[in-house]
file query.cif (mmCIF, C-alpha atoms and all ligand atoms)
data_start
#
loop_
_atom_site.label_atom_id
_atom_site.label_comp_id
_atom_site.auth_asym_id
_atom_site.auth_seq_id
_atom_site.Cartn_x
_atom_site.Cartn_y
_atom_site.Cartn_z
CA MET A 1 -23.65 -14.00 1.84
CA SER A 2 -21.65 -10.81 1.20
CA SER A 3 -19.00 -9.80 3.72
CA LYS A 4 -19.54 -6.84 6.00
CA ILE A 5 -16.32 -4.88 5.72
CA LEU A 6 -14.57 -2.13 7.70
CA ILE A 7 -11.72 -0.19 6.09
CA ILE A 8 -9.51 1.65 8.57
CA GLY A 9 -7.52 4.50 6.98
CA ALA A 10 -9.96 4.63 4.05
CA CYS A 11 -9.10 8.22 3.07
CA GLY A 12 -5.51 7.41 2.14
CA GLN A 13 -3.93 6.79 -1.25
CA ILE A 14 -4.85 3.09 -1.36
CA GLY A 15 -7.90 3.15 0.94
CA THR A 16 -9.73 5.62 -1.30
CA GLU A 17 -9.65 3.30 -4.30
CA LEU A 18 -10.01 0.11 -2.27
CA THR A 19 -13.21 1.44 -0.70
CA THR A 20 -14.70 2.27 -4.09
CA LYS A 21 -13.86 -1.18 -5.50
CA LEU A 22 -15.11 -3.09 -2.45
CA ARG A 23 -18.36 -1.11 -2.53
CA GLU A 24 -18.81 -2.08 -6.19
CA ILE A 25 -18.29 -5.75 -5.32
CA HIS A 26 -20.12 -6.07 -1.99
CA GLY A 27 -22.65 -3.22 -2.15
CA VAL A 28 -22.27 0.26 -0.68
CA ASP A 29 -24.01 -0.54 2.62
CA ASN A 30 -21.73 -3.51 3.28
CA VAL A 31 -18.53 -1.46 3.25
CA VAL A 32 -17.94 0.95 6.13
CA ALA A 33 -15.14 3.45 5.43
CA SER A 34 -13.32 4.99 8.39
CA ASP A 35 -10.45 7.37 9.02
CA ILE A 36 -9.12 9.73 11.68
CA ASN A 37 -10.45 12.65 9.62
CA THR A 38 -12.95 13.34 6.84
CA ARG A 39 -10.59 14.76 4.22
CA LYS A 40 -12.04 12.64 1.39
CA LEU A 41 -15.54 14.01 1.13
CA GLU A 42 -16.53 11.78 -1.77
CA LEU A 43 -16.00 8.74 0.48
CA VAL A 44 -17.87 10.33 3.35
CA ASN A 45 -20.82 11.12 1.10
CA SER A 46 -20.90 7.92 -0.94
CA GLY A 47 -21.65 5.34 1.79
CA PRO A 48 -21.29 4.52 5.49
CA PHE A 49 -18.41 6.47 7.05
CA VAL A 50 -17.20 6.71 10.64
CA ILE A 51 -14.45 8.70 12.30
CA LEU A 52 -12.24 6.11 13.94
CA ASP A 53 -8.82 6.24 15.59
CA ALA A 54 -6.89 3.09 14.67
CA LYS A 55 -5.04 3.34 17.99
CA ASN A 56 -8.27 3.02 19.98
CA PHE A 57 -9.15 -0.66 20.55
CA ASN A 58 -12.56 0.00 22.07
CA ALA A 59 -13.58 2.35 19.27
CA ILE A 60 -12.67 -0.27 16.62
CA LYS A 61 -14.45 -2.99 18.57
CA ASP A 62 -17.62 -0.90 19.04
CA CYS A 63 -17.67 -0.08 15.34
CA CYS A 64 -17.23 -3.76 14.36
CA VAL A 65 -19.99 -4.88 16.74
CA SER A 66 -22.48 -2.15 15.83
CA HIS A 67 -22.02 -2.68 12.08
CA ASN A 68 -21.74 -6.50 12.25
CA ILE A 69 -18.30 -6.37 10.62
CA ASP A 70 -16.63 -9.69 9.73
CA THR A 71 -13.64 -8.42 7.70
CA VAL A 72 -11.23 -5.55 8.44
CA TYR A 73 -8.80 -3.96 5.98
CA LEU A 74 -6.26 -2.07 8.11
CA MET A 75 -4.80 0.64 5.84
CA ALA A 76 -3.88 3.27 8.46
CA ALA A 77 -0.13 3.70 8.94
CA LEU A 78 2.66 6.27 9.05
CA LEU A 79 4.72 5.72 5.89
CA SER A 80 8.49 5.55 5.37
CA ALA A 81 9.46 9.20 4.93
CA THR A 82 7.04 10.53 7.58
CA GLY A 83 8.05 7.68 9.90
CA GLU A 84 11.67 8.90 9.87
CA LYS A 85 10.47 12.32 11.05
CA TYR A 86 8.18 10.89 13.77
CA PRO A 87 9.66 7.50 14.74
CA MET A 88 7.73 6.96 17.97
CA GLU A 89 4.41 7.95 16.37
CA ALA A 90 5.10 5.50 13.52
CA TRP A 91 5.81 2.71 15.98
CA ASP A 92 2.74 3.56 18.05
CA LEU A 93 0.28 3.72 15.15
CA ASN A 94 1.67 0.94 12.97
CA MET A 95 2.04 -1.61 15.77
CA ASN A 96 -0.91 -0.86 18.04
CA SER A 97 -3.46 -0.67 15.23
CA LEU A 98 -2.30 -4.11 14.06
CA PHE A 99 -2.51 -5.61 17.55
CA HIS A 100 -6.02 -4.22 17.98
CA VAL A 101 -7.27 -5.79 14.79
CA LEU A 102 -5.46 -9.11 15.35
CA ASN A 103 -6.86 -9.29 18.88
CA LEU A 104 -10.39 -8.64 17.61
CA ALA A 105 -9.95 -11.58 15.24
CA LYS A 106 -8.45 -13.73 17.97
CA GLY A 107 -11.41 -12.95 20.23
CA GLY A 108 -13.92 -13.82 17.47
CA THR A 109 -15.36 -10.30 16.94
CA ILE A 110 -14.19 -10.42 13.30
CA LYS A 111 -13.23 -13.33 11.04
CA LYS A 112 -10.74 -12.02 8.52
CA VAL A 113 -7.99 -9.39 8.43
CA TYR A 114 -6.09 -7.69 5.62
CA TRP A 115 -2.92 -5.86 6.62
CA PRO A 116 -0.42 -4.53 4.08
CA SER A 117 3.30 -4.91 4.53
CA SER A 118 5.89 -3.29 2.26
CA ILE A 119 9.17 -3.73 0.41
CA ALA A 120 10.48 -1.64 3.34
CA VAL A 121 10.91 -4.90 5.31
CA PHE A 122 14.08 -5.36 3.27
CA GLY A 123 17.30 -3.50 4.00
CA PRO A 124 20.81 -2.84 2.70
CA THR A 125 21.92 -6.44 3.43
CA THR A 126 19.08 -7.95 1.37
CA PRO A 127 19.92 -9.14 -2.18
CA ARG A 128 18.69 -6.21 -4.31
CA GLU A 129 17.89 -7.95 -7.61
CA ASN A 130 14.90 -10.27 -7.81
CA THR A 131 14.67 -10.26 -4.01
CA PRO A 132 13.43 -13.68 -2.84
CA GLN A 133 10.38 -14.30 -0.64
CA TYR A 134 12.60 -15.66 2.13
CA THR A 135 15.79 -13.65 2.53
CA ILE A 136 17.73 -11.36 4.85
CA CYS A 137 15.42 -8.68 6.29
CA GLU A 138 17.35 -6.04 8.22
CA PRO A 139 15.31 -2.86 7.64
CA THR A 140 16.96 0.44 8.57
CA THR A 141 13.82 2.62 8.73
CA VAL A 142 11.31 2.74 11.58
CA TYR A 143 8.59 2.08 9.02
CA GLY A 144 10.41 -1.02 7.75
CA ILE A 145 10.92 -2.27 11.31
CA THR A 146 7.18 -1.91 12.04
CA LYS A 147 6.33 -3.84 8.86
CA GLN A 148 8.84 -6.61 9.57
CA VAL A 149 7.67 -7.02 13.16
CA GLY A 150 4.05 -6.81 12.00
CA GLU A 151 4.64 -9.69 9.59
CA ARG A 152 6.01 -11.82 12.44
CA TRP A 153 2.94 -11.08 14.55
CA CYS A 154 0.55 -11.87 11.69
CA GLU A 155 2.16 -15.28 11.23
CA TYR A 156 2.19 -15.82 15.00
CA TYR A 157 -1.54 -15.03 15.36
CA HIS A 158 -2.33 -17.35 12.46
CA ASN A 159 -0.24 -20.26 13.79
CA LYS A 160 -1.13 -19.83 17.45
CA TYR A 161 -4.75 -18.65 17.35
CA GLY A 162 -5.93 -19.58 13.83
CA VAL A 163 -6.45 -15.93 12.82
CA ASP A 164 -7.20 -15.63 9.08
CA VAL A 165 -4.84 -12.75 8.33
CA ARG A 166 -3.55 -12.08 4.81
CA SER A 167 -0.85 -9.69 3.69
CA ILE A 168 1.10 -8.39 0.72
CA ARG A 169 4.42 -6.56 0.62
CA TYR A 170 3.32 -3.70 -1.63
CA PRO A 171 5.93 -2.03 -3.79
CA GLY A 172 5.54 1.74 -4.50
CA ILE A 173 1.96 2.38 -5.60
CA ILE A 174 1.19 4.85 -8.40
CA SER A 175 -2.25 6.39 -8.73
CA HIS A 176 -4.09 9.54 -9.79
CA LYS A 177 -7.10 9.74 -7.44
CA ALA A 178 -5.50 10.46 -4.02
CA MET A 179 -2.03 11.84 -3.39
CA PRO A 180 0.49 9.54 -1.65
CA GLY A 181 0.91 9.88 2.09
CA GLY A 182 4.63 10.42 2.74
CA GLY A 183 6.52 7.47 1.26
CA THR A 184 9.85 7.18 -0.57
CA THR A 185 8.21 6.20 -3.89
CA ASP A 186 5.95 9.32 -3.89
CA TYR A 187 8.10 10.85 -6.64
CA ALA A 188 6.59 8.43 -9.17
CA VAL A 189 3.15 9.99 -8.54
CA GLU A 190 4.28 13.61 -8.17
CA ILE A 191 6.15 13.49 -11.48
CA TYR A 192 2.92 12.96 -13.45
CA HIS A 193 1.13 15.81 -11.64
CA GLU A 194 4.02 18.20 -12.20
CA ALA A 195 4.36 17.15 -15.84
CA ILE A 196 0.75 18.18 -16.47
CA LYS A 197 0.77 21.28 -14.23
CA LYS A 198 4.25 22.74 -14.96
CA GLY A 199 5.93 20.67 -17.66
CA ALA A 200 8.91 20.24 -15.30
CA TYR A 201 9.80 18.19 -12.22
CA THR A 202 12.60 18.13 -9.65
CA CYS A 203 13.06 14.56 -8.43
CA PHE A 204 14.16 13.81 -4.86
CA LEU A 205 15.86 10.55 -5.96
CA SER A 206 18.84 10.23 -8.30
CA LYS A 207 18.18 9.31 -11.91
CA ASN A 208 19.34 5.68 -11.78
CA THR A 209 17.57 4.63 -8.56
CA SER A 210 15.56 1.59 -9.58
CA LEU A 211 12.65 0.60 -7.32
CA PRO A 212 9.77 -1.90 -7.55
CA MET A 213 6.47 -0.18 -8.40
CA MET A 214 2.88 -0.98 -9.31
CA PHE A 215 -0.11 0.83 -10.80
CA MET A 216 -3.00 1.21 -8.36
CA ASP A 217 -5.42 -0.93 -10.41
CA ASP A 218 -3.02 -3.86 -10.06
CA ALA A 219 -2.54 -3.23 -6.31
CA ILE A 220 -6.31 -3.21 -5.73
CA LYS A 221 -6.71 -6.37 -7.81
CA ALA A 222 -3.99 -8.12 -5.77
CA THR A 223 -5.60 -7.03 -2.51
CA ILE A 224 -9.00 -8.36 -3.51
CA ASP A 225 -7.57 -11.54 -5.08
CA ILE A 226 -5.66 -12.52 -1.94
CA MET A 227 -8.71 -11.84 0.26
CA GLU A 228 -11.03 -13.87 -1.99
CA ALA A 229 -8.67 -16.85 -2.35
CA PRO A 230 -9.59 -20.01 -0.43
CA ALA A 231 -7.89 -20.04 3.00
CA GLU A 232 -5.95 -23.24 2.18
CA SER A 233 -4.25 -21.58 -0.81
CA ILE A 234 -2.75 -18.86 1.39
CA LYS A 235 0.39 -20.70 2.43
CA ILE A 236 2.33 -17.64 3.62
CA ARG A 237 0.80 -15.91 6.63
CA SER A 238 3.55 -13.37 7.19
CA SER A 239 3.37 -11.45 3.88
CA TYR A 240 3.71 -12.20 0.17
CA ASN A 241 6.28 -10.60 -2.13
CA LEU A 242 4.40 -8.86 -4.94
CA SER A 243 5.84 -7.44 -8.11
CA ALA A 244 4.78 -5.70 -11.31
CA ILE A 245 7.33 -3.24 -12.73
CA SER A 246 10.66 -1.73 -11.73
CA PHE A 247 11.98 1.53 -13.15
CA THR A 248 14.28 4.48 -12.42
CA PRO A 249 13.38 8.21 -12.35
CA LYS A 250 15.13 8.50 -15.73
CA GLU A 251 12.96 5.75 -17.23
CA ILE A 252 9.67 7.21 -15.96
CA TYR A 253 10.82 10.62 -17.25
CA GLU A 254 11.45 9.12 -20.70
CA SER A 255 8.08 7.38 -20.67
CA ILE A 256 6.33 10.74 -19.94
CA LYS A 257 8.51 12.57 -22.46
CA SER A 258 7.34 10.25 -25.23
CA HIS A 259 3.88 11.84 -24.73
CA MET A 260 5.11 15.34 -23.77
CA PRO A 261 8.33 16.14 -25.70
CA ASP A 262 8.92 19.43 -23.81
CA PHE A 263 8.83 17.86 -20.34
CA THR A 264 12.04 18.46 -18.33
CA ILE A 265 13.49 16.90 -15.18
CA ALA A 266 16.14 17.86 -12.62
CA TYR A 267 17.54 15.66 -9.87
CA GLN A 268 18.07 16.83 -6.28
CA SER A 269 18.36 13.91 -3.86
CA ASP A 270 17.25 14.42 -0.25
CA PHE A 271 17.03 12.15 2.84
CA ARG A 272 14.76 9.77 0.93
CA GLN A 273 17.70 8.71 -1.28
CA ALA A 274 19.22 6.74 1.63
CA ILE A 275 15.89 4.98 2.21
CA ALA A 276 15.55 4.10 -1.49
CA ASP A 277 19.16 2.84 -1.57
CA SER A 278 18.33 0.39 1.23
CA TRP A 279 15.43 -1.20 -0.73
CA PRO A 280 15.40 -3.84 -3.49
CA SER A 281 15.29 -2.86 -7.15
CA SER A 282 13.18 -5.84 -8.21
CA ILE A 283 11.15 -8.53 -6.44
CA ASP A 284 10.61 -12.26 -6.97
CA ASP A 285 6.88 -12.89 -6.45
CA THR A 286 6.74 -16.52 -7.62
CA ALA A 287 4.90 -17.61 -4.45
CA ALA A 288 2.01 -15.14 -4.96
CA ARG A 289 1.72 -16.15 -8.62
CA LYS A 290 1.67 -19.86 -7.67
CA ASP A 291 -0.48 -19.81 -4.50
CA TRP A 292 -3.30 -17.42 -5.49
CA ASN A 293 -2.67 -16.83 -9.21
CA TRP A 294 -1.41 -13.26 -8.97
CA GLN A 295 -0.92 -11.55 -12.34
CA HIS A 296 -0.28 -7.88 -13.06
CA SER A 297 -1.59 -6.00 -16.09
CA PHE A 298 0.16 -2.60 -16.29
CA ASN A 299 3.71 -1.92 -17.50
CA LEU A 300 5.46 1.47 -17.40
CA ASP A 301 4.09 2.70 -20.72
CA THR A 302 0.47 1.58 -20.24
CA MET A 303 0.57 3.13 -16.76
CA THR A 304 1.98 6.43 -18.12
CA ALA A 305 -0.76 6.61 -20.75
CA GLU A 306 -3.43 6.00 -18.09
CA MET A 307 -1.93 8.51 -15.60
CA LEU A 308 -1.56 11.31 -18.16
CA LYS A 309 -5.09 10.77 -19.50
CA ALA A 310 -6.63 10.88 -16.01
CA LEU A 311 -4.59 13.88 -14.81
CA ARG A 312 -5.19 15.91 -17.97
CA LYS A 313 -8.90 15.44 -17.34
CA LYS A 314 -8.51 16.31 -13.65
CA TYR A 315 -6.56 19.54 -14.22
CA ASN A 316 -8.18 20.70 -17.45
CA ASP A 317 -11.84 20.01 -16.66
P1 LIG A 401 -1.77 6.95 3.30
O1 LIG A 401 -0.78 7.64 4.18
O2 LIG A 401 -2.10 7.54 1.98
O3 LIG A 401 -3.13 6.71 4.08
C1 LIG A 401 -3.19 6.33 5.43
C2 LIG A 401 -4.52 6.78 5.99
O4 LIG A 401 -4.53 6.44 7.38
C3 LIG A 401 -4.76 8.30 5.88
O5 LIG A 401 -6.01 8.56 5.30
C4 LIG A 401 -4.72 8.77 7.34
O6 LIG A 401 -5.62 9.86 7.59
C5 LIG A 401 -5.14 7.51 8.06
N1 LIG A 401 -4.73 7.51 9.47
C6 LIG A 401 -3.59 8.03 10.00
N2 LIG A 401 -3.62 7.87 11.34
C7 LIG A 401 -4.78 7.26 11.64
C8 LIG A 401 -5.37 6.83 12.85
N3 LIG A 401 -4.76 7.01 14.04
N4 LIG A 401 -6.58 6.24 12.80
C9 LIG A 401 -7.21 6.05 11.62
N5 LIG A 401 -6.70 6.44 10.42
C10 LIG A 401 -5.49 7.04 10.45
O7 LIG A 401 -1.23 5.43 3.11
P2 LIG A 401 -1.47 4.46 1.87
O8 LIG A 401 -0.43 4.77 0.86
O9 LIG A 401 -2.89 4.43 1.48
O10 LIG A 401 -1.03 3.09 2.55
C11 LIG A 401 -1.96 2.16 3.09
C12 LIG A 401 -1.18 0.97 3.64
O11 LIG A 401 -0.41 0.39 2.58
C13 LIG A 401 -0.19 1.32 4.74
O12 LIG A 401 -0.13 0.26 5.66
C14 LIG A 401 1.12 1.41 4.01
O13 LIG A 401 2.20 1.12 4.88
C15 LIG A 401 0.95 0.34 2.96
N6 LIG A 401 1.83 0.56 1.80
C16 LIG A 401 1.63 1.61 0.94
C17 LIG A 401 2.47 1.80 -0.15
C18 LIG A 401 2.27 2.94 -1.13
O14 LIG A 401 3.07 3.09 -2.06
N7 LIG A 401 1.22 3.74 -1.00
C19 LIG A 401 3.56 0.91 -0.36
C20 LIG A 401 3.76 -0.12 0.57
C21 LIG A 401 2.88 -0.30 1.62
#

call {"tool": "encode", "arguments": {"input": "query.cif", "output": "structure tokens"}}
result
Amino acid sequence: MSSKILIIGACGQIGTELTTKLREIHGVDNVVASDINTRKLELVNSGPFVILDAKNFNAIKDCCVSHNIDTVYLMAALLSATGEKYPMEAWDLNMNSLFHVLNLAKGGTIKKVYWPSSIAVFGPTTPRENTPQYTICEPTTVYGITKQVGERWCEYYHNKYGVDVRSIRYPGIISHKAMPGGGTTDYAVEIYHEAIKKGAYTCFLSKNTSLPMMFMDDAIKATIDIMEAPAESIKIRSSYNLSAISFTPKEIYESIKSHMPDFTIAYQSDFRQAIADSWPSSIDDTAARKDWNWQHSFNLDTMTAEMLKALRKKYND
């Protein structure tokens, strides 16, 4: 029998594409999209959609009961850069939405939970190269603190109450359908848009800042793979390291320039530089590859080709 799924925060960068893919797999009527607003009209018009505040336990519960939901993907969050501007709001949304969904699973209303963590759980004292699964985690952003604490609670609810919660520490996600929602890796999306629109980009990180990244297709594949894996193969119930590619602003610039020789870049670091400097530059994801056979497909150049093709179509059509 197909799952009945609720996606909370479905209109965001990842939720938009996750909803589409899950609807392809499980059938449109079995995937309810929800968000605090209706800014993605194609999602609202392409299947069941409800307005839902992730901070409202009763509203989530009512929605799960009335739609017979068994699986929740919790994608609503305040991201790293926005979280630094609104620390208390980030704490409130990121923590309470997670508790609501974990408590619904604990109480038996739903059976399975997906909740994304982030490379933001790491901090300046973490080894930066090939960061291990188990290592020092002393995040210095509010966002990172919420993800680190969230991971502890996920593991706690699994060990103590048997909740089937699964999680990935996403790196920076690059995509062309929805714009990113206020993270430190947003530059790696903006740069493609500006290349097509203006032929020039001013980057808010310095040219040699290397960060772990991933093309959206790989992120969606990982999300679905971990959720479809047998429960016994999910050995880590806090959150899995996940890796695909690492690159610097200079390297992504060069990759774009190989398709667009006139493209130019300038560098003007802002407050996001300090956040980026506190994160790893590459990630060891051996556990995800071993436990549930994670494999990525896109490297920097195949991703650049895909991004430029899609954005040329978007802006020129
Ligand atoms: P996003 O900011 O693009 O989308 C978040 C969505 O949540 C938005 O549509 C927003 O309207 C919605 N939302 C905000 N407040 C809400 C509320 N109170 N109730 C319901 N919905 C609300 O974020 P994203 O990039 O799609 O990220 C999804 C998840 O993945 C988040 O947990 C994020 O921390 C994690 N993540 C993302 C990245 C990335 O690069 N995009 C990297 C690491 C982790």

call {"tool": "residues_near_ligand", "arguments": {"input": "query.cif", "ligand": "ligand LIG 401 (chain A)", "cutoff": "8 Å", "atoms": "only C-alpha atoms and all ligand atoms", "output": "PyMOL selection string"}}
result
chain A and resi 8-16+34-37+39+51-56+74-80+93-94+97+115-120+143+147+169-174+178-183+185-186+213

call {"tool": "closest_residue", "arguments": {"input": "query.cif", "among": "A:Pro124, A:Glu129, A:Gly107, A:Val142", "to": "Glu89 in chain A", "atoms": "all atoms listed in the file"}}
result
A:Val142

call {"tool": "atom_distance", "arguments": {"input": "query.cif", "atom1": "CA of Ala310 in chain A", "atom2": "CA of Thr209 in chain A"}}
result
26.1 Å

call {"tool": "closest_residue", "arguments": {"input": "query.cif", "among": "A:Thr264, A:Ser258, A:Ser175, A:Gln273", "to": "Leu205 in chain A", "atoms": "all atoms listed in the file"}}
result
A:Gln273

call {"tool": "closest_atom_pairs", "arguments": {"input": "query.cif", "of": "range 173-242 of chain A", "to": "range 18-30 of chain A", "cutoff": "9 Å", "atoms": "all atoms listed in the file", "output": "CSV"}}
result
residue,atom,partner,partner_atom,distance
A:Ile220,CA,A:Leu18,CA,6.1
A:Thr223,CA,A:Leu18,CA,8.4
A:Ile224,CA,A:Leu22,CA,8.1

call {"tool": "residues_around", "arguments": {"input": "query.cif", "residues": "range 245-251 of chain A", "least_positions_apart": "5", "cutoff": "8 Å", "atoms": "all atoms listed in the file", "output": "MDAnalysis selection string"}}
result
chainID A and resid 188 203 205:214 281:282 299:300

call {"tool": "atom_distance", "arguments": {"input": "query.cif", "atom1": "CA of Val189 in chain A", "atom2": "CA of Asn293 in chain A"}}
result
27.5 Å

call {"tool": "closest_residue", "arguments": {"input": "query.cif", "among": "A:Asn58, A:Gln295, A:Ser46, A:Thr140", "to": "Asp225 in chain A", "atoms": "all atoms listed in the file"}}
result
A:Gln295

call {"tool": "closest_residue", "arguments": {"input": "query.cif", "among": "A:Lys112, A:Arg152, A:Lys221, A:His193", "to": "Met307 in chain A", "atoms": "only C-alpha atoms"}}
result
A:His193

call {"tool": "residues_around", "arguments": {"input": "query.cif", "residues": "Phe298 in chain A", "least_positions_apart": "3", "cutoff": "8 Å", "atoms": "all atoms listed in the file", "output": "list of chain:residue names"}}
result
A:Met214, A:Phe215, A:Asp218, A:Ala244, A:Asp301, A:Thr302, A:Met303

call {"tool": "atom_distance", "arguments": {"input": "query.cif", "atom1": "CA of Leu242 in chain A", "atom2": "CA of Lys309 in chain A"}}
result
26.2 Å

call {"tool": "residues_around", "arguments": {"input": "query.cif", "residues": "Thr131 in chain A", "least_positions_apart": "6", "cutoff": "10 Å", "atoms": "all atoms listed in the file", "output": "list in words"}}
result
Ile119, Phe122, Asn241, Trp279, Pro280, Ser281, Ser282, Ile283, Asp284 and Asp285 of chain A

call {"tool": "closest_residue", "arguments": {"input": "query.cif", "among": "A:Tyr267, A:Trp292, A:Arg312, A:Asp217", "to": "Ile196 in chain A", "atoms": "all atoms listed in the file"}}
result
A:Arg312

call {"tool": "closest_residue", "arguments": {"input": "query.cif", "among": "A:Ala81, A:Ala222, A:Ser239, A:Tyr253", "to": "Ile275 in chain A", "atoms": "all atoms listed in the file"}}
result
A:Ala81

call {"tool": "residues_near_point", "arguments": {"input": "query.cif", "point": "(-1.4, -12.9, 1.9)", "cutoff": "6 Å", "atoms": "all atoms listed in the file", "output": "JSON, numbers by chain"}}
result
{"A": [166, 167, 168, 226, 239, 240]}

call {"tool": "residues_around", "arguments": {"input": "query.cif", "residues": "Val149 in chain A", "least_positions_apart": "5", "cutoff": "10 Å", "atoms": "all atoms listed in the file", "output": "VMD selection string"}}
result
chain A and resid 94 to 95 117 121 144 154 238
